[in-house]
$ cat model_11.cif   # mmCIF, C-alpha atoms
data_structure
loop_
_atom_site.label_atom_id
_atom_site.label_comp_id
_atom_site.auth_asym_id
_atom_site.auth_seq_id
_atom_site.Cartn_x
_atom_site.Cartn_y
_atom_site.Cartn_z
CA MET A 1 15.79 -8.80 18.39
CA ARG A 2 12.53 -9.71 16.64
CA ILE A 3 10.81 -7.31 14.22
CA LEU A 4 7.40 -7.45 12.59
CA HIS A 5 7.21 -5.70 9.21
CA THR A 6 3.78 -4.48 8.08
CA ALA A 7 2.65 -1.85 5.59
CA ASP A 8 -0.23 -0.31 3.67
CA TRP A 9 -2.95 -0.60 6.30
CA HIS A 10 -5.09 2.02 4.53
CA LEU A 11 -7.29 2.62 7.57
CA GLY A 12 -10.49 4.31 6.41
CA LYS A 13 -10.48 2.54 3.04
CA ARG A 14 -13.85 2.21 1.33
CA LEU A 15 -15.19 0.17 -1.57
CA GLY A 16 -17.75 2.49 -3.06
CA GLN A 17 -20.17 3.28 -0.22
CA TYR A 18 -18.95 0.34 1.89
CA ASP A 19 -16.40 0.98 4.65
CA ARG A 20 -13.80 -1.52 5.85
CA MET A 21 -13.81 -0.75 9.59
CA GLU A 22 -14.81 -4.28 10.60
CA GLU A 23 -12.06 -5.85 8.52
CA HIS A 24 -9.43 -3.49 9.91
CA ASP A 25 -10.66 -4.11 13.46
CA SER A 26 -10.25 -7.83 12.84
CA PHE A 27 -6.73 -7.36 11.48
CA LEU A 28 -5.57 -5.07 14.29
CA GLN A 29 -6.82 -7.46 16.97
CA TRP A 30 -5.08 -10.35 15.21
CA LEU A 31 -1.92 -8.24 14.91
CA LEU A 32 -1.94 -7.47 18.62
CA HIS A 33 -2.36 -11.17 19.39
CA THR A 34 0.52 -12.03 17.03
CA ILE A 35 2.79 -9.43 18.64
CA ASN A 36 2.29 -11.06 22.04
CA GLU A 37 2.35 -14.63 20.76
CA GLN A 38 5.60 -14.15 18.80
CA ASN A 39 7.27 -11.89 21.38
CA ILE A 40 7.78 -9.06 18.91
CA ASP A 41 10.25 -6.36 19.99
CA VAL A 42 9.70 -3.82 17.21
CA LEU A 43 6.68 -3.20 14.97
CA ILE A 44 7.30 -1.47 11.62
CA VAL A 45 4.52 0.19 9.59
CA ALA A 46 6.04 1.08 6.19
CA GLY A 47 3.63 3.78 5.08
CA ASP A 48 0.02 4.34 4.03
CA VAL A 49 -1.31 4.03 7.55
CA PHE A 50 -4.44 5.84 6.38
CA ASP A 51 -6.20 5.72 3.03
CA THR A 52 -6.63 9.50 2.85
CA GLY A 53 -4.84 12.52 4.24
CA ASN A 54 -7.91 13.50 6.24
CA PRO A 55 -9.12 10.38 8.11
CA SER A 56 -12.38 10.53 10.05
CA ASN A 57 -12.53 10.72 13.84
CA ALA A 58 -13.66 7.08 13.95
CA VAL A 59 -10.61 6.00 11.95
CA LEU A 60 -8.26 8.07 14.10
CA LYS A 61 -9.75 6.46 17.19
CA GLN A 62 -9.19 3.01 15.67
CA TYR A 63 -5.53 3.94 15.10
CA TYR A 64 -4.89 5.43 18.56
CA ASP A 65 -6.70 2.62 20.35
CA PHE A 66 -4.36 0.16 18.68
CA LEU A 67 -1.25 2.16 19.59
CA TRP A 68 -2.36 2.21 23.22
CA GLN A 69 -2.87 -1.56 23.19
CA VAL A 70 0.60 -2.10 21.70
CA LYS A 71 2.10 0.08 24.44
CA ASN A 72 0.79 -2.44 26.99
CA SER A 73 2.15 -5.43 25.04
CA CYS A 74 5.61 -7.00 24.88
CA CYS A 75 6.49 -4.76 21.91
CA ARG A 76 9.03 -2.15 23.03
CA GLU A 77 9.13 0.13 19.99
CA MET A 78 6.94 1.08 17.04
CA VAL A 79 8.23 2.84 13.92
CA ILE A 80 5.62 4.40 11.64
CA ILE A 81 6.48 6.20 8.40
CA GLY A 82 4.23 8.19 6.09
CA GLY A 83 3.22 6.89 2.68
CA ASN A 84 1.92 8.66 -0.40
CA HIS A 85 -1.66 8.39 0.90
CA ASP A 86 -0.79 9.87 4.30
CA SER A 87 -0.74 13.50 5.34
CA ALA A 88 2.59 14.19 7.02
CA THR A 89 0.86 16.83 9.15
CA THR A 90 -1.82 14.41 10.37
CA LEU A 91 0.68 11.67 11.21
CA ASN A 92 3.15 14.03 12.88
CA ALA A 93 0.62 15.96 14.99
CA PRO A 94 0.85 13.69 18.09
CA ARG A 95 4.41 12.45 17.57
CA ASP A 96 5.91 14.21 20.62
CA LEU A 97 3.32 12.55 22.83
CA LEU A 98 3.64 9.18 21.09
CA ARG A 99 7.41 9.26 21.53
CA LEU A 100 6.81 8.94 25.29
CA PHE A 101 5.21 5.57 24.49
CA ASN A 102 8.17 4.55 22.29
CA VAL A 103 6.15 5.13 19.12
CA HIS A 104 8.33 6.88 16.52
CA VAL A 105 6.42 8.64 13.74
CA LEU A 106 7.92 10.22 10.61
CA GLY A 107 5.13 11.49 8.39
CA GLY A 108 7.64 13.07 6.03
CA VAL A 109 11.35 13.79 5.76
CA PRO A 110 12.20 15.79 8.94
CA ASP A 111 13.99 19.14 8.93
CA ARG A 112 16.80 17.53 10.93
CA PHE A 113 17.98 14.68 8.72
CA GLU A 114 19.35 12.64 11.62
CA GLU A 115 15.87 12.29 13.15
CA GLN A 116 15.41 9.40 10.71
CA ILE A 117 17.93 7.40 12.76
CA ILE A 118 16.20 5.49 15.59
CA PRO A 119 18.33 3.33 17.95
CA VAL A 120 16.38 0.49 19.57
CA LYS A 121 17.59 -0.54 23.01
CA ASP A 122 17.03 -3.66 25.08
CA HIS A 123 15.95 -3.76 28.73
CA SER A 124 19.54 -3.10 29.81
CA GLY A 125 19.77 0.08 27.74
CA ASP A 126 22.10 -1.42 25.12
CA THR A 127 21.41 -0.61 21.48
CA LYS A 128 20.49 -3.82 19.64
CA LEU A 129 19.10 -2.42 16.38
CA VAL A 130 19.13 0.83 14.41
CA VAL A 131 16.19 1.79 12.21
CA CYS A 132 16.67 4.24 9.32
CA ALA A 133 13.07 5.43 9.14
CA VAL A 134 12.73 6.82 5.62
CA PRO A 135 9.17 7.90 4.70
CA PHE A 136 7.69 8.37 1.23
CA LEU A 137 10.05 10.70 -0.64
CA ARG A 138 8.10 13.40 -2.39
CA ASP A 139 9.42 15.31 -5.34
CA ARG A 140 10.55 18.26 -3.23
CA ASP A 141 12.49 15.91 -0.90
CA ILE A 142 14.82 14.54 -3.54
CA ARG A 143 15.17 16.98 -6.41
CA LEU A 144 14.45 20.44 -7.71
CA SER A 145 12.35 20.79 -10.85
CA VAL A 146 14.42 21.54 -13.90
CA ALA A 147 12.72 23.34 -16.77
CA GLY A 148 12.99 21.67 -20.15
CA GLU A 149 14.35 18.31 -18.98
CA THR A 150 13.27 15.23 -20.90
CA VAL A 151 11.36 12.29 -19.47
CA GLN A 152 14.57 10.26 -19.33
CA GLN A 153 16.45 13.06 -17.58
CA ARG A 154 13.65 13.48 -15.06
CA GLU A 155 13.55 9.75 -14.35
CA GLN A 156 17.30 9.62 -13.87
CA ARG A 157 17.24 12.62 -11.54
CA ILE A 158 14.53 11.03 -9.38
CA ARG A 159 16.36 7.71 -9.19
CA GLU A 160 19.60 9.43 -8.24
CA GLY A 161 17.78 11.48 -5.60
CA ILE A 162 16.27 8.41 -3.94
CA VAL A 163 19.58 6.52 -3.95
CA ALA A 164 21.41 9.58 -2.61
CA HIS A 165 18.91 9.92 0.26
CA TYR A 166 19.72 6.41 1.47
CA GLN A 167 23.47 6.91 0.95
CA ASN A 168 23.32 10.05 3.08
CA LEU A 169 22.14 7.94 6.03
CA LEU A 170 25.37 5.91 6.14
CA PRO A 171 27.53 8.37 8.14
CA TYR A 172 24.91 8.25 10.90
CA VAL A 173 25.01 4.45 11.20
CA SER A 174 28.72 3.78 10.64
CA SER A 175 29.54 3.78 14.37
CA TYR A 176 26.79 1.22 15.00
CA LYS A 177 27.99 -1.01 12.18
CA GLU A 178 31.48 -0.97 13.69
CA LYS A 179 29.92 -2.45 16.82
CA HIS A 180 28.15 -5.11 14.73
CA ILE A 181 24.71 -3.64 15.46
CA PRO A 182 22.26 -4.47 12.63
CA VAL A 183 20.61 -1.72 10.62
CA LEU A 184 17.06 -1.85 9.22
CA ALA A 185 15.86 0.71 6.67
CA THR A 186 12.30 1.53 5.64
CA GLY A 187 10.94 2.89 2.40
CA HIS A 188 7.67 3.64 0.65
CA LEU A 189 8.44 3.48 -3.05
CA PHE A 190 8.23 1.48 -6.26
CA ALA A 191 11.20 -0.86 -6.61
CA ALA A 192 12.27 -2.00 -10.06
CA GLY A 193 10.95 -5.43 -11.01
CA SER A 194 8.11 -5.40 -8.48
CA GLN A 195 4.50 -6.29 -9.30
CA PRO A 196 1.68 -3.88 -8.36
CA SER A 197 -1.97 -4.83 -8.02
CA PRO A 198 -3.79 -3.66 -11.17
CA ASP A 199 -6.70 -1.73 -9.68
CA SER A 200 -5.72 -0.68 -6.19
CA GLU A 201 -2.46 1.25 -6.50
CA LYS A 202 -2.38 4.71 -7.99
CA ASP A 203 0.27 5.51 -10.57
CA ILE A 204 2.58 7.52 -8.33
CA TYR A 205 4.96 9.83 -10.18
CA VAL A 206 7.97 9.75 -7.87
CA GLY A 207 7.46 6.18 -6.70
CA ASN A 208 7.10 4.61 -10.13
CA LEU A 209 9.61 6.60 -12.13
CA GLY A 210 12.31 6.15 -9.50
CA GLN A 211 12.36 2.36 -9.83
CA VAL A 212 15.23 1.80 -7.43
CA GLY A 213 16.68 -1.70 -7.74
CA GLY A 214 17.20 -3.88 -4.70
CA ASP A 215 20.97 -3.75 -5.25
CA GLN A 216 20.93 0.06 -5.05
CA PHE A 217 20.16 0.05 -1.33
CA PRO A 218 23.42 0.29 0.66
CA VAL A 219 24.89 -3.05 1.69
CA GLU A 220 25.06 -1.71 5.24
CA PHE A 221 21.31 -2.32 5.53
CA ASN A 222 20.68 -5.78 6.95
CA TYR A 223 16.97 -5.58 6.05
CA VAL A 224 14.87 -3.15 3.97
CA ALA A 225 11.18 -2.97 4.95
CA LEU A 226 9.21 -1.58 2.03
CA GLY A 227 5.66 -0.37 1.59
CA HIS A 228 3.58 0.95 -1.34
CA LEU A 229 2.87 -2.24 -3.30
CA HIS A 230 0.04 -4.37 -1.94
CA ARG A 231 1.37 -7.77 -2.94
CA PRO A 232 3.97 -9.27 -0.59
CA GLN A 233 7.13 -9.88 -2.58
CA VAL A 234 10.91 -10.03 -2.61
CA VAL A 235 12.74 -7.40 -4.68
CA ASN A 236 15.22 -8.63 -7.31
CA LYS A 237 15.56 -12.02 -5.55
CA MET A 238 17.20 -10.24 -2.62
CA GLN A 239 15.55 -11.86 0.39
CA HIS A 240 16.34 -8.99 2.74
CA VAL A 241 14.62 -6.38 0.54
CA ARG A 242 10.89 -6.96 0.43
CA TYR A 243 7.34 -5.66 0.56
CA ALA A 244 5.04 -6.89 3.31
CA GLY A 245 1.98 -5.93 1.24
CA SER A 246 -1.40 -4.81 2.52
CA PRO A 247 -3.00 -6.80 5.36
CA ILE A 248 -6.50 -6.91 3.83
CA GLN A 249 -7.73 -7.22 0.26
CA LEU A 250 -8.13 -3.56 -0.64
CA SER A 251 -9.76 -4.12 -4.02
CA PHE A 252 -11.25 -6.95 -6.05
CA SER A 253 -7.99 -7.15 -8.02
CA GLU A 254 -6.37 -8.45 -4.82
CA ASN A 255 -8.93 -11.22 -4.27
CA GLU A 256 -6.37 -13.98 -4.92
CA ASP A 257 -3.48 -12.40 -3.00
CA ASN A 258 -2.28 -14.15 0.14
CA LYS A 259 -1.88 -11.45 2.78
CA VAL A 260 1.02 -11.66 5.23
CA VAL A 261 3.14 -9.80 7.74
CA VAL A 262 6.89 -10.44 7.78
CA MET A 263 8.73 -11.50 10.95
CA VAL A 264 12.46 -10.77 10.96
CA ASP A 265 14.99 -12.08 13.52
CA PHE A 266 18.45 -10.66 14.19
CA MET A 267 21.04 -12.56 16.20
CA ASN A 268 24.63 -11.54 16.96
CA GLY A 269 24.33 -8.53 14.70
CA GLN A 270 23.22 -10.54 11.66
CA LEU A 271 19.96 -11.30 9.90
CA ALA A 272 19.06 -14.76 11.18
CA ASN A 273 15.57 -15.53 9.87
CA ILE A 274 12.73 -14.16 7.75
CA GLU A 275 9.27 -15.67 8.04
CA GLU A 276 5.98 -14.69 6.44
CA ILE A 277 3.00 -15.04 8.78
CA PRO A 278 -0.36 -15.37 6.94
CA VAL A 279 -3.03 -12.86 7.91
CA PRO A 280 -6.46 -14.48 8.39
CA VAL A 281 -9.09 -13.38 5.89
CA SER A 282 -12.01 -11.78 7.71
CA ARG A 283 -13.93 -10.98 4.52
CA ARG A 284 -13.48 -12.57 1.11
CA LEU A 285 -13.69 -10.46 -2.04
CA ILE A 286 -14.81 -12.42 -5.08
CA ARG A 287 -14.96 -11.30 -8.71
CA ILE A 288 -17.39 -13.09 -11.04
CA LYS A 289 -17.48 -12.47 -14.77
CA GLY A 290 -19.56 -14.09 -17.53
CA ASP A 291 -23.00 -14.14 -19.06
CA LEU A 292 -26.04 -13.93 -16.79
CA ALA A 293 -26.53 -17.71 -16.52
CA THR A 294 -22.87 -18.25 -15.65
CA VAL A 295 -22.93 -15.52 -13.02
CA LYS A 296 -26.04 -16.95 -11.35
CA ALA A 297 -24.51 -20.43 -11.31
CA LYS A 298 -21.27 -19.20 -9.71
CA LEU A 299 -23.17 -17.19 -7.10
CA SER A 300 -24.95 -20.32 -5.92
CA THR A 301 -21.64 -22.13 -5.26
CA ILE A 302 -20.14 -19.61 -2.81
CA GLU A 303 -19.74 -21.40 0.51
CA SER A 304 -20.61 -19.96 3.90
CA ARG A 305 -17.91 -19.74 6.59
CA THR A 306 -18.88 -19.07 10.18
CA ASP A 307 -15.62 -17.28 11.04
CA GLU A 308 -15.89 -14.47 8.52
CA LEU A 309 -17.92 -11.41 7.56
CA PRO A 310 -20.37 -11.62 4.63
CA VAL A 311 -18.64 -12.19 1.29
CA TRP A 312 -18.50 -9.18 -1.03
CA VAL A 313 -18.86 -9.93 -4.74
CA GLU A 314 -18.10 -7.85 -7.80
CA ILE A 315 -20.23 -9.03 -10.71
CA GLN A 316 -19.52 -8.28 -14.35
CA VAL A 317 -22.27 -9.53 -16.64
CA GLU A 318 -21.38 -9.82 -20.33
CA THR A 319 -24.38 -9.04 -22.48
CA ALA A 320 -25.19 -7.89 -26.01
CA ASP A 321 -28.25 -5.96 -24.84
CA TYR A 322 -28.79 -3.87 -21.73
CA ILE A 323 -30.57 -5.81 -18.95
CA TYR A 324 -32.85 -3.36 -17.15
CA ASP A 325 -33.70 -5.57 -14.17
CA LEU A 326 -30.21 -7.03 -13.74
CA GLU A 327 -29.75 -5.97 -10.12
CA GLU A 328 -33.09 -7.49 -9.12
CA GLN A 329 -32.27 -10.78 -10.89
CA ILE A 330 -28.85 -10.95 -9.22
CA ARG A 331 -30.19 -10.29 -5.74
CA GLN A 332 -32.86 -12.98 -6.16
CA SER A 333 -30.04 -15.46 -6.94
CA THR A 334 -27.83 -14.38 -4.04
CA LEU A 335 -27.38 -16.41 -0.86
CA SER A 336 -27.79 -14.76 2.56
CA HIS A 337 -24.05 -14.76 3.35
CA VAL A 338 -23.15 -13.00 0.08
CA GLU A 339 -23.43 -9.29 -0.66
CA PRO A 340 -23.10 -8.28 -4.35
CA VAL A 341 -21.62 -4.85 -3.75
CA PHE A 342 -20.84 -3.99 -7.38
CA ILE A 343 -22.96 -5.09 -10.31
CA ARG A 344 -21.81 -4.04 -13.77
CA GLN A 345 -22.87 -4.79 -17.29
CA ILE A 346 -20.23 -5.29 -19.97
CA ARG A 347 -21.83 -4.86 -23.36
CA THR A 348 -20.14 -6.37 -26.41
CA ARG A 349 -20.69 -4.24 -29.48
CA THR A 350 -19.43 -4.58 -33.05
CA TYR A 351 -18.57 -1.20 -34.56
CA GLN A 352 -18.71 -0.52 -38.29
CA GLY A 353 -15.33 -1.13 -39.87
CA VAL A 354 -14.07 -3.10 -36.92
CA SER A 355 -14.05 -6.86 -37.26
CA GLU A 356 -13.57 -7.63 -33.57
CA ASN A 357 -15.90 -7.01 -30.65
CA ILE A 358 -15.14 -4.22 -28.21
CA GLU A 359 -16.11 -4.42 -24.53
CA VAL A 360 -17.86 -1.37 -23.12
CA ILE A 361 -18.08 -1.26 -19.33
CA LEU A 362 -21.17 0.62 -18.29
CA SER A 363 -19.70 2.14 -15.14
CA LEU A 364 -17.83 5.33 -14.27
CA ASN A 365 -16.29 3.61 -11.21
CA ASP A 366 -13.49 2.19 -13.37
CA LEU A 367 -12.38 5.60 -14.65
CA ASN A 368 -9.80 7.88 -13.05
CA PRO A 369 -8.09 11.06 -14.32
CA LEU A 370 -5.05 9.16 -15.61
CA THR A 371 -7.23 6.69 -17.56
CA VAL A 372 -9.33 9.47 -19.11
CA PHE A 373 -6.22 11.45 -20.08
CA GLU A 374 -4.58 8.38 -21.61
CA LYS A 375 -7.69 7.62 -23.68
CA LYS A 376 -7.70 11.21 -24.96
CA CYS A 377 -4.02 11.00 -25.88
CA LYS A 378 -4.58 7.72 -27.73
CA SER A 379 -7.36 9.37 -29.68
CA ASP A 380 -5.48 12.55 -30.63
CA TYR A 381 -1.80 11.56 -30.71
CA ALA A 382 -1.72 7.86 -31.62
CA GLU A 383 0.65 8.43 -34.54
CA THR A 384 3.04 10.99 -33.04
CA GLY A 385 3.30 9.47 -29.55
CA TYR A 386 2.43 10.98 -26.19
CA ASP A 387 4.90 9.63 -23.61
CA ASP A 388 6.05 13.10 -22.56
CA LEU A 389 2.46 14.26 -22.11
CA MET A 390 1.65 11.25 -19.93
CA GLU A 391 4.68 11.80 -17.68
CA THR A 392 3.89 15.51 -17.34
CA PHE A 393 0.29 14.68 -16.41
CA LYS A 394 1.49 12.16 -13.79
CA GLU A 395 3.71 14.85 -12.30
CA ALA A 396 0.76 17.26 -12.17
CA ILE A 397 -1.32 14.64 -10.33
CA GLU A 398 1.50 14.07 -7.84
CA LEU A 399 1.88 17.81 -7.19
CA MET A 400 -1.86 18.15 -6.64
CA GLU A 401 -1.84 15.21 -4.18
CA ASP A 402 1.09 16.80 -2.33
CA LYS A 403 -0.81 20.06 -2.04
CA ASN A 404 -3.95 18.28 -0.80
CA THR A 405 -2.13 16.29 1.90
CA ASP A 406 -0.09 19.30 3.04
CA SER A 407 -3.23 21.39 3.46
CA VAL A 408 -4.80 18.90 5.90
#
$ encode --input "model_11.cif" --output "C-alpha cells"
Amino acid sequence: MRILHTADWHLGKRLGQYDRMEEHDSFLQWLLHTINEQNIDVLIVAGDVFDTGNPSNAVLKQYYDFLWQVKNSCCREMVIIGGNHDSATTLNAPRDLLRLFNVHVLGGVPDRFEEQIIPVKDHSGDTKLVVCAVPFLRDRDIRLSVAGETVQQREQRIREGIVAHYQNLLPYVSSYKEKHIPVLATGHLFAAGSQPSPDSEKDIYVGNLGQVGGDQFPVEFNYVALGHLHRPQVVNKMQHVRYAGSPIQLSFSENEDNKVVVMVDFMNGQLANIEEIPVPVSRRLIRIKGDLATVKAKLSTIESRTDELPVWVEIQVETADYIYDLEEQIRQSTLSHVEPVFIRQIRTRTYQGVSENIEVILSLNDLNPLTVFEKKCKSDYAETGYDDLMETFKEAIELMEDKNTDSV
C-alpha cells in the first residue's frame, strides 16, 4: 500500500492583490502526474485545503476539477481533513457525493466519533490500511471552558484533550491491529519542538498551546500525517511522525524552504519506507533587503528561467530619509522576468535618549491584531508582565475565527 502525504494547500491564497491560482494549477497538475507515476493508492490532505472559509467559485472549481481527475487515476482513495483555515461546513457540503468517488472528507470532528475510522481496501476487497482521519481540533472539540483557570491550567487541559482524542480512537482500530493491518493517523496541530514559518502561520490558540509531543501519539499508529506547519519536518526525531509542509511558498518567509510531498510505503503490515519527493517551484519568491544601491544591484542578478512564472520580489530598502520616487526607481531597475510585488522603506531613526537605531517599517501590511495587541501590552505592562493577557487575546481570536468559519 503506497500513500502520498500532502498538506496546507491553501487554495485561494493571495499575496496582497496577487492571487496564486497559476502556482496552484501547476502544483495540482504535477501532483496528478506524480500519483500516476508513483502508483499511489491513497492521497492524504492533512488540512488547510483552502486559505479561507469562504473560497471563491473559481477556487472551488479548481478543487473539484482536481478531485475528478484523481478519481480517474490509479489512486483508489482520498482522505481530506479540515484545518484551522477551512470551514467545516464548506468542506463537508459535498461529502456524501464525494464518498461515491472514494473521497473521504472530514471538515470537523463528526457527531459519530467512529466516522473518523476509514478502512482502505484493495481490489479484492481486503482491508490493507486503516486511516484515523482526525481534523483540526477546535476548542469545543476537546475541552469545556473553565472560568478562572490559569494559563498553565488551560494549556494542560488542551494538551490532555488532544491526547485523549487520539487515545479514544484505539478501541476502533484494535481489531485491525490484531490482524497486522497498519494504521495511519492524521492531525492538524502544532507539535512540540516543531519550527513554524515566521510570517505565514497564524498564532493558533489550540494548535500552539497544545504542543503534543511525537511520543504522545499512540504507538499503534504506524504513521502520523500532520498538517499546519508549512516547513516539512520530522517531529521529535520520530521518522513516522512528520509534517509534509505546504506545496508552494506561501509567503516570502518561505522563500528558502524546499517544498515536498511525502510518499509512505507499507508492506506486510509494517512501515517499509518514507521518501520525500521535491515539488517543482513554479514561481520563485525572493526577498531583498539593503540600501537602494544594494537592492538595485541584487535585482540585476536575478536569472531568468524558461520553465517558471515571473519571479516575485519583496524589496525592503533601508534609508535614513523617505524616498518619494522609490517605486519608480525600482521598476526602472527591474528586469522583464521579475515583478517587485512589495516595495517597502525601512527608515532608521535615532530617538532622543536611545543610543541605538530603531527600524521603522513604513507599511501596515506587516501588522496583525496579535502584533498590535502585543505592542500595546509591552507599552503599558512591561514591568508587571502580560502573559495572561496575551493568552486570553489569542483565545478570543480563535473563538472569533471559529465563529466566522462556522457561519460560512
$ residues_around --input "model_11.cif" --residues "Val235 of chain A" --least-positions-apart "2" --cutoff "10 Å" --atoms "all atoms listed in the file" --output "number ranges by chain"
A: 191-195, 212-215, 224, 226, 232-233, 237-243
$ residues_around --input "model_11.cif" --residues "segment 256-265 of chain A" --least-positions-apart "4" --cutoff "6 Å" --atoms "only C-alpha atoms" --output "number ranges by chain"
A: 1-6, 244, 247, 272-279
$ write_last_selection --input "model_11.cif" --atoms "C-alpha atoms" --output "PDB file, in the coordinates of the input"
ATOM      1  CA  MET A   1      15.790  -8.800  18.390  1.00  0.00           C
ATOM      2  CA  ARG A   2      12.530  -9.710  16.640  1.00  0.00           C
ATOM      3  CA  ILE A   3      10.810  -7.310  14.220  1.00  0.00           C
ATOM      4  CA  LEU A   4       7.400  -7.450  12.590  1.00  0.00           C
ATOM      5  CA  HIS A   5       7.210  -5.700   9.210  1.00  0.00           C
ATOM      6  CA  THR A   6       3.780  -4.480   8.080  1.00  0.00           C
ATOM      7  CA  ALA A 244       5.040  -6.890   3.310  1.00  0.00           C
ATOM      8  CA  PRO A 247      -3.000  -6.800   5.360  1.00  0.00           C
ATOM      9  CA  ALA A 272      19.060 -14.760  11.180  1.00  0.00           C
ATOM     10  CA  ASN A 273      15.570 -15.530   9.870  1.00  0.00           C
ATOM     11  CA  ILE A 274      12.730 -14.160   7.750  1.00  0.00           C
ATOM     12  CA  GLU A 275       9.270 -15.670   8.040  1.00  0.00           C
ATOM     13  CA  GLU A 276       5.980 -14.690   6.440  1.00  0.00           C
ATOM     14  CA  ILE A 277       3.000 -15.040   8.780  1.00  0.00           C
ATOM     15  CA  PRO A 278      -0.360 -15.370   6.940  1.00  0.00           C
ATOM     16  CA  VAL A 279      -3.030 -12.860   7.910  1.00  0.00           C
TER      17      VAL A 279
END
$ closest_residue --input "model_11.cif" --among "A:Leu271, A:Leu299, A:Val130, A:Val70" --to "Ser175 of chain A" --atoms "only C-alpha atoms"
A:Val130
$ resolve_selection --input "model_11.cif" --expression "the PyMOL selection byres ((chain A and resi 80) around 8)" --output "PyMOL selection string"
chain A and resi 44-47+78-79+81-82+103-107+133
$ resolve_selection --input "model_11.cif" --expression "the PyMOL selection byres ((chain A and resi 123) around 12)" --output "list of chain:residue names"
A:Met1, A:Asp41, A:Cys74, A:Cys75, A:Arg76, A:Glu77, A:Val120, A:Lys121, A:Asp122, A:Ser124, A:Gly125, A:Asp126, A:Thr127, A:Lys128
$ atom_distance --input "model_11.cif" --atom1 "atom CA of Ser246 of chain A" --atom2 "atom CA of Ser26 of chain A"
13.9 Å
$ residues_near_point --input "model_11.cif" --point "(-9.8, -0.6, 16.3)" --cutoff "12 Å" --atoms "only C-alpha atoms" --output "ChimeraX atom specification"
/A:11-12,20-32,57-70
$ closest_residue --input "model_11.cif" --among "A:Arg159, A:Lys296, A:Lys179, A:Arg284" --to "Val313 of chain A" --atoms "only C-alpha atoms"
A:Arg284
$ resolve_selection --input "model_11.cif" --expression "the PyMOL selection byres ((chain A and resi 322-335) around 10)" --output "ChimeraX atom specification"
/A:292,295-304,311,315,317-321,336-340,342-347,362
$ atom_distance --input "model_11.cif" --atom1 "atom CA of Val219 of chain A" --atom2 "atom CA of Pro171 of chain A"
13.4 Å
$ axis_aligned_box --input "model_11.cif" --around "segment 23-38 of chain A" --padding-each-side "5 Å" --output "AutoDock Vina command-line options"
--center_x -3.2 --center_y -9.1 --center_z 15.3 --size_x 27.7 --size_y 21.1 --size_z 23.5
$ atom_distance --input "model_11.cif" --atom1 "atom CA of Glu114 of chain A" --atom2 "atom CA of Glu155 of chain A"
26.8 Å
$ closest_residue --input "model_11.cif" --among "A:Thr392, A:Thr52, A:Ser87, A:Asn222" --to "Arg154 of chain A" --atoms "only C-alpha atoms"
A:Thr392
$ closest_residue --input "model_11.cif" --among "A:Gln156, A:Asn84, A:Ser174, A:Thr371" --to "Leu137 of chain A" --atoms "only C-alpha atoms"
A:Asn84
$ residues_around --input "model_11.cif" --residues "Ile286 of chain A" --least-positions-apart "3" --cutoff "7 Å" --atoms "all atoms listed in the file" --output "PyMOL selection string"
chain A and resi 252+255+312-314
